[in-house]
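What's in structure_24.csv: CSV, C-alpha atoms
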```csv
chain,number,residue,atom,x,y,z
A,171,MET,CA,5.7,-15.7,48.1
A,172,SER,CA,7.7,-12.5,48.3
A,173,ARG,CA,11.3,-11.8,49.1
A,174,GLN,CA,13.4,-8.7,49.5
A,175,LEU,CA,16.3,-7.8,47.2
A,176,ALA,CA,19.0,-5.2,47.7
A,177,THR,CA,19.4,-3.5,44.3
A,178,PHE,CA,22.3,-1.9,42.5
A,179,VAL,CA,23.2,-0.6,39.0
A,180,LEU,CA,26.0,-1.8,36.7
A,181,ASP,CA,26.4,-0.1,33.3
A,182,GLY,CA,22.7,1.0,33.3
A,183,ALA,CA,21.3,-2.4,34.2
A,184,HIS,CA,19.6,-3.1,37.5
A,185,TYR,CA,20.6,-6.1,39.5
A,186,GLY,CA,19.4,-7.5,42.8
A,187,VAL,CA,20.7,-9.9,45.5
A,188,ASP,CA,18.7,-11.4,48.3
A,189,VAL,CA,19.0,-9.1,51.4
A,190,LEU,CA,19.8,-12.2,53.5
A,191,HIS,CA,23.2,-12.2,51.7
A,192,VAL,CA,23.9,-8.5,52.1
A,193,GLN,CA,26.0,-7.3,55.1
A,194,GLU,CA,26.3,-3.6,54.1
A,195,ALA,CA,26.6,-1.1,51.3
A,196,LEU,CA,29.4,1.5,51.4
A,197,ARG,CA,31.5,3.9,49.4
A,198,SER,CA,34.5,2.4,47.8
A,199,GLN,CA,37.5,1.9,50.1
A,200,VAL,CA,41.2,1.9,49.3
A,201,ARG,CA,42.1,-1.5,47.9
A,202,THR,CA,45.4,-3.3,48.2
A,203,PRO,CA,46.2,-5.2,44.9
A,204,VAL,CA,46.5,-9.0,45.1
A,205,PRO,CA,49.5,-10.2,43.0
A,206,VAL,CA,48.7,-12.8,40.3
A,207,ALA,CA,45.0,-12.5,41.1
A,208,PRO,CA,42.5,-13.6,38.4
A,209,PRO,CA,40.7,-11.0,36.4
A,210,GLY,CA,37.9,-9.4,38.3
A,211,ILE,CA,39.7,-9.5,41.7
A,212,ALA,CA,40.1,-5.8,42.5
A,213,GLY,CA,42.1,-6.3,45.7
A,214,LEU,CA,41.6,-6.4,49.4
A,215,VAL,CA,40.0,-3.9,51.7
A,216,ASN,CA,40.1,-3.4,55.4
A,217,LEU,CA,36.6,-3.1,56.8
A,218,ARG,CA,36.9,-2.3,60.5
A,219,GLY,CA,39.8,-4.6,61.0
A,220,GLN,CA,38.5,-7.4,58.8
A,221,VAL,CA,40.3,-8.1,55.4
A,222,VAL,CA,37.7,-8.5,52.7
A,223,LEU,CA,38.2,-9.6,49.1
A,224,THR,CA,36.8,-7.2,46.5
A,225,VAL,CA,35.3,-8.4,43.2
A,226,ASP,CA,34.9,-5.9,40.3
A,227,LEU,CA,31.5,-7.0,38.8
A,228,ARG,CA,32.1,-5.0,35.7
A,229,VAL,CA,35.2,-7.1,34.9
A,230,ARG,CA,33.4,-10.3,36.0
A,231,LEU,CA,30.5,-9.6,33.7
A,232,GLY,CA,32.6,-8.6,30.7
A,233,LEU,CA,31.6,-4.9,30.9
A,234,GLU,CA,33.7,-1.9,30.0
A,235,PRO,CA,35.6,-0.5,33.0
A,236,LEU,CA,34.1,2.3,35.0
A,237,ALA,CA,35.2,5.8,33.9
A,238,ALA,CA,38.5,6.8,35.6
A,239,ASP,CA,36.8,9.8,37.3
A,240,ALA,CA,33.9,7.7,38.6
A,241,GLU,CA,34.0,6.1,42.1
A,242,PRO,CA,32.4,2.7,42.5
A,243,MET,CA,30.3,1.7,45.4
A,244,MET,CA,30.6,-1.5,47.4
A,245,VAL,CA,28.0,-4.1,48.3
A,246,VAL,CA,29.4,-6.4,51.0
A,247,VAL,CA,27.8,-9.8,50.8
A,248,GLN,CA,28.3,-13.1,52.7
A,249,VAL,CA,29.6,-16.0,50.7
A,250,ASP,CA,30.2,-19.2,52.6
A,251,GLY,CA,30.1,-17.3,55.8
A,252,GLU,CA,32.8,-14.8,54.7
A,253,PRO,CA,32.3,-11.2,53.6
A,254,VAL,CA,33.1,-10.3,50.0
A,255,SER,CA,32.9,-6.8,48.5
A,256,LEU,CA,31.2,-6.3,45.1
A,257,LEU,CA,32.2,-3.2,43.2
A,258,VAL,CA,29.1,-1.6,41.6
A,259,ASP,CA,28.3,1.7,39.9
A,260,GLU,CA,25.5,2.7,42.3
A,261,ILE,CA,23.5,1.4,45.2
A,262,GLY,CA,19.8,1.1,44.8
A,263,ASP,CA,16.9,0.4,47.2
A,264,VAL,CA,15.7,-2.7,49.0
A,265,ILE,CA,12.6,-3.8,47.2
A,266,ASP,CA,10.0,-6.5,47.6
A,267,VAL,CA,9.4,-8.9,44.7
A,268,GLU,CA,7.0,-11.7,44.2
A,269,ASP,CA,7.8,-15.1,42.8
A,270,SER,CA,5.1,-14.5,40.1
A,271,GLN,CA,7.3,-11.7,38.7
A,272,PHE,CA,10.3,-14.0,38.2
A,273,GLU,CA,11.4,-15.4,34.8
A,274,THR,CA,14.3,-17.7,34.0
A,275,PRO,CA,17.1,-16.1,32.0
A,276,PRO,CA,16.4,-15.9,28.3
A,277,ASP,CA,18.5,-18.0,25.8
A,278,THR,CA,19.7,-14.7,24.3
A,279,LEU,CA,21.5,-13.6,27.5
A,280,ASP,CA,25.2,-13.1,27.0
A,281,GLY,CA,27.4,-16.0,28.2
A,282,GLY,CA,29.2,-13.9,31.0
A,283,LEU,CA,25.8,-12.9,32.4
A,284,ARG,CA,24.3,-16.4,32.0
A,285,ASP,CA,26.9,-17.7,34.5
A,286,VAL,CA,25.9,-15.3,37.3
A,287,VAL,CA,22.3,-14.3,36.6
A,288,VAL,CA,19.7,-16.8,37.8
A,289,GLY,CA,16.7,-14.9,36.3
A,290,ALA,CA,14.9,-11.6,36.1
A,291,TYR,CA,12.0,-10.0,37.9
A,292,LYS,CA,9.5,-8.1,35.7
A,293,LEU,CA,8.9,-4.8,37.5
A,294,ASP,CA,6.8,-1.8,36.5
A,295,ARG,CA,10.0,0.2,35.8
A,296,GLY,CA,11.9,-2.5,33.9
A,297,LEU,CA,13.8,-5.7,34.5
A,298,LEU,CA,15.7,-6.5,37.7
A,299,LEU,CA,18.4,-9.2,37.1
A,300,ALA,CA,18.8,-11.6,40.0
A,301,LEU,CA,22.5,-12.1,40.7
A,302,ASP,CA,23.9,-15.4,42.1
A,303,VAL,CA,26.5,-14.0,44.6
A,304,ASP,CA,28.2,-17.4,44.9
A,305,ALA,CA,28.8,-17.6,41.1
A,306,ALA,CA,29.6,-13.9,40.8
A,307,THR,CA,32.4,-14.2,43.4
A,308,ALA,CA,33.9,-17.5,42.2
A,309,ALA,CA,37.4,-17.0,40.9
```

Take the structure I supplied and represent it as structure tokens, if you would.
Amino acid sequence: MSRQLATFVLDGAHYGVDVLHVQEALRSQVRTPVPVAPPGIAGLVNLRGQVVLTVDLRVRLGLEPLAADAEPMMVVVQVDGEPVSLLVDEIGDVIDVEDSQFETPPDTLDGGLRDVVVGAYKLDRGLLLALDVDAATAA
């Protein structure tokens, strides 16, 4: 069986989320900070009149912050019927993957990633890590 994944890049690694969860992909928007928010909550953005929580996936995954002169991109996903914006380094393509390409996460996967990556797809050009958007956006 095949499925479509929307892909993006974080710190050189390729990730994918099921396109059924993706609302849109955009340039980063001005964010309003949220006082006393847990690490990884980058603020709130206004998307066409709708207030959307923004999660910095670099922080969530324990990666180094994006360079100060680099502008992140946003992948807006649906979580429990509500939009949540994920900050990523770059937006990729929508690709088709087969279940036969899927492998469960290896035991050597870092703890921060283990919580949010459900597995990896073996592609001709490398691995595509399958992200669990519910776990990645949990505070």

Do a neighbour search on Thr202 (chain A) at 7 Å with all atoms listed in the file, toss out local chain neighbours closer than 5 positions, and write the hits as a ChimeraX atom specification. /A:213-215

Of the listed residues A:Leu257, A:Ala195, A:Ala305, A:Val187, that which approaches Leu223 (chain A) most closely, counting only C-alpha atoms: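 Answer, going by the shortest atom-to-atom distance: A:Leu257.
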
Selected residue of minimal separation from Glu234 (chain A) among A:Gly210, A:Gly289, A:Gly281, A:Pro275, counting only C-alpha atoms: A:Gly210

At a cut-off of 12 Å from (18.9, -12.1, 28.9) in the coordinates of the file, what residues are picked up using all atoms listed in the file, written as a count of residues only? 24

What is the CA of Phe272 (chain A)-CA of Asp304 (chain A) distance in Å, reported with one decimal?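 That distance, rounded to one decimal, is 19.4 Å.
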
Residues near region 216-221 of chain A, anyone? I mean within 9 Å using all atoms listed in the file, not counting same-chain ones fewer than 3 positions away, as a PyMOL selection string. chain A and resi 199-202+253

Determine, for each residue of region 252-296 of chain A having at least one atom at most 12 Å from an atom of region 235-238 of chain A, the closest pair of atoms and their separation in Å to one decimal, counting only C-alpha atoms; order by chain and ascending number, as CSV.
```
residue,atom,partner,partner_atom,distance
A:Leu257,CA,A:Leu236,CA,10.1
A:Val258,CA,A:Leu236,CA,9.2
A:Asp259,CA,A:Leu236,CA,7.6
A:Glu260,CA,A:Leu236,CA,11.3
```

Long-range neighbours of Ser172 (chain A) as a PyMOL selection string, 12 Å cut-off, all atoms listed in the file, 5 positions minimum in chain: chain A and resi 188+265-272+291

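Here the question is which of A:Gly232, A:Pro208, A:Pro242, A:Gly251 gets nearest to Val192 (chain A) using only C-alpha atoms, and that residue is A:Gly251.
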
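Distance annotation: of A:Val229, A:Leu293, A:Leu190, A:Met243, the residue with the minimal separation from Pro209 (chain A) is A:Val229; atom set is all atoms listed in the file.
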
Just the number, please: distance in Å from CA of His191 (chain A) to CA of Val245 (chain A), one decimal.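 CA of Val245 (chain A) lies 10.0 Å from CA of His191 (chain A).
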
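Interatomic distance, CA of Ile261 (chain A) against CA of Thr177 (chain A): 6.5 Å.
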
Minimum-distance residue to Asp263 (chain A), chosen among A:Val303, A:Tyr185, A:Val204, A:Arg228 (using all atoms listed in the file): A:Tyr185

The residue from A:Arg197, A:Arg173, A:Arg230, A:Lys292 with the smallest atom-to-atom distance to Val264 (chain A), counting all atoms listed in the file, is A:Arg173

Can you patch up region 276-288 of chain A, filling it in to N, CA, C and O atoms, and show the result as an mmCIF file, in the frame of the given file?
```cif
data_model
loop_
_atom_site.group_PDB
_atom_site.id
_atom_site.type_symbol
_atom_site.label_atom_id
_atom_site.label_comp_id
_atom_site.auth_asym_id
_atom_site.auth_seq_id
_atom_site.Cartn_x
_atom_site.Cartn_y
_atom_site.Cartn_z
ATOM 1 N N PRO A 276 16.655 -15.589 29.658
ATOM 2 C CA PRO A 276 16.400 -15.900 28.300
ATOM 3 C C PRO A 276 17.595 -16.563 27.603
ATOM 4 O O PRO A 276 18.732 -16.328 28.028
ATOM 5 N N ASP A 277 17.378 -17.336 26.557
ATOM 6 C CA ASP A 277 18.500 -18.000 25.800
ATOM 7 C C ASP A 277 19.407 -16.951 25.189
ATOM 8 O O ASP A 277 20.554 -17.256 24.886
ATOM 9 N N THR A 278 18.913 -15.751 24.963
ATOM 10 C CA THR A 278 19.700 -14.700 24.300
ATOM 11 C C THR A 278 20.658 -13.988 25.253
ATOM 12 O O THR A 278 21.447 -13.163 24.808
ATOM 13 N N LEU A 279 20.616 -14.306 26.529
ATOM 14 C CA LEU A 279 21.500 -13.600 27.500
ATOM 15 C C LEU A 279 22.936 -13.977 27.212
ATOM 16 O O LEU A 279 23.280 -15.129 26.964
ATOM 17 N N ASP A 280 23.792 -12.959 27.253
ATOM 18 C CA ASP A 280 25.200 -13.100 27.000
ATOM 19 C C ASP A 280 25.827 -14.159 27.932
ATOM 20 O O ASP A 280 25.416 -14.292 29.086
ATOM 21 N N GLY A 281 26.822 -14.890 27.450
ATOM 22 C CA GLY A 281 27.400 -16.000 28.200
ATOM 23 C C GLY A 281 27.968 -15.574 29.563
ATOM 24 O O GLY A 281 27.815 -16.290 30.536
ATOM 25 N N GLY A 282 28.642 -14.407 29.674
ATOM 26 C CA GLY A 282 29.200 -13.900 31.000
ATOM 27 C C GLY A 282 28.067 -13.720 31.965
ATOM 28 O O GLY A 282 28.202 -14.044 33.141
ATOM 29 N N LEU A 283 26.962 -13.167 31.510
ATOM 30 C CA LEU A 283 25.800 -12.900 32.400
ATOM 31 C C LEU A 283 25.121 -14.240 32.746
ATOM 32 O O LEU A 283 24.661 -14.415 33.868
ATOM 33 N N ARG A 284 25.033 -15.133 31.787
ATOM 34 C CA ARG A 284 24.300 -16.400 32.000
ATOM 35 C C ARG A 284 24.919 -17.177 33.183
ATOM 36 O O ARG A 284 24.205 -17.864 33.896
ATOM 37 N N ASP A 285 26.236 -17.022 33.414
ATOM 38 C CA ASP A 285 26.900 -17.700 34.500
ATOM 39 C C ASP A 285 26.510 -17.202 35.883
ATOM 40 O O ASP A 285 26.617 -17.912 36.875
ATOM 41 N N VAL A 286 26.103 -15.925 35.958
ATOM 42 C CA VAL A 286 25.900 -15.300 37.300
ATOM 43 C C VAL A 286 24.470 -14.800 37.508
ATOM 44 O O VAL A 286 24.129 -14.448 38.623
ATOM 45 N N VAL A 287 23.646 -14.758 36.469
ATOM 46 C CA VAL A 287 22.300 -14.300 36.600
ATOM 47 C C VAL A 287 21.334 -15.495 36.627
ATOM 48 O O VAL A 287 21.347 -16.301 35.704
ATOM 49 N N VAL A 288 20.550 -15.618 37.698
ATOM 50 C CA VAL A 288 19.700 -16.800 37.800
ATOM 51 C C VAL A 288 18.283 -16.501 37.208
ATOM 52 O O VAL A 288 17.505 -17.426 37.026
#
```
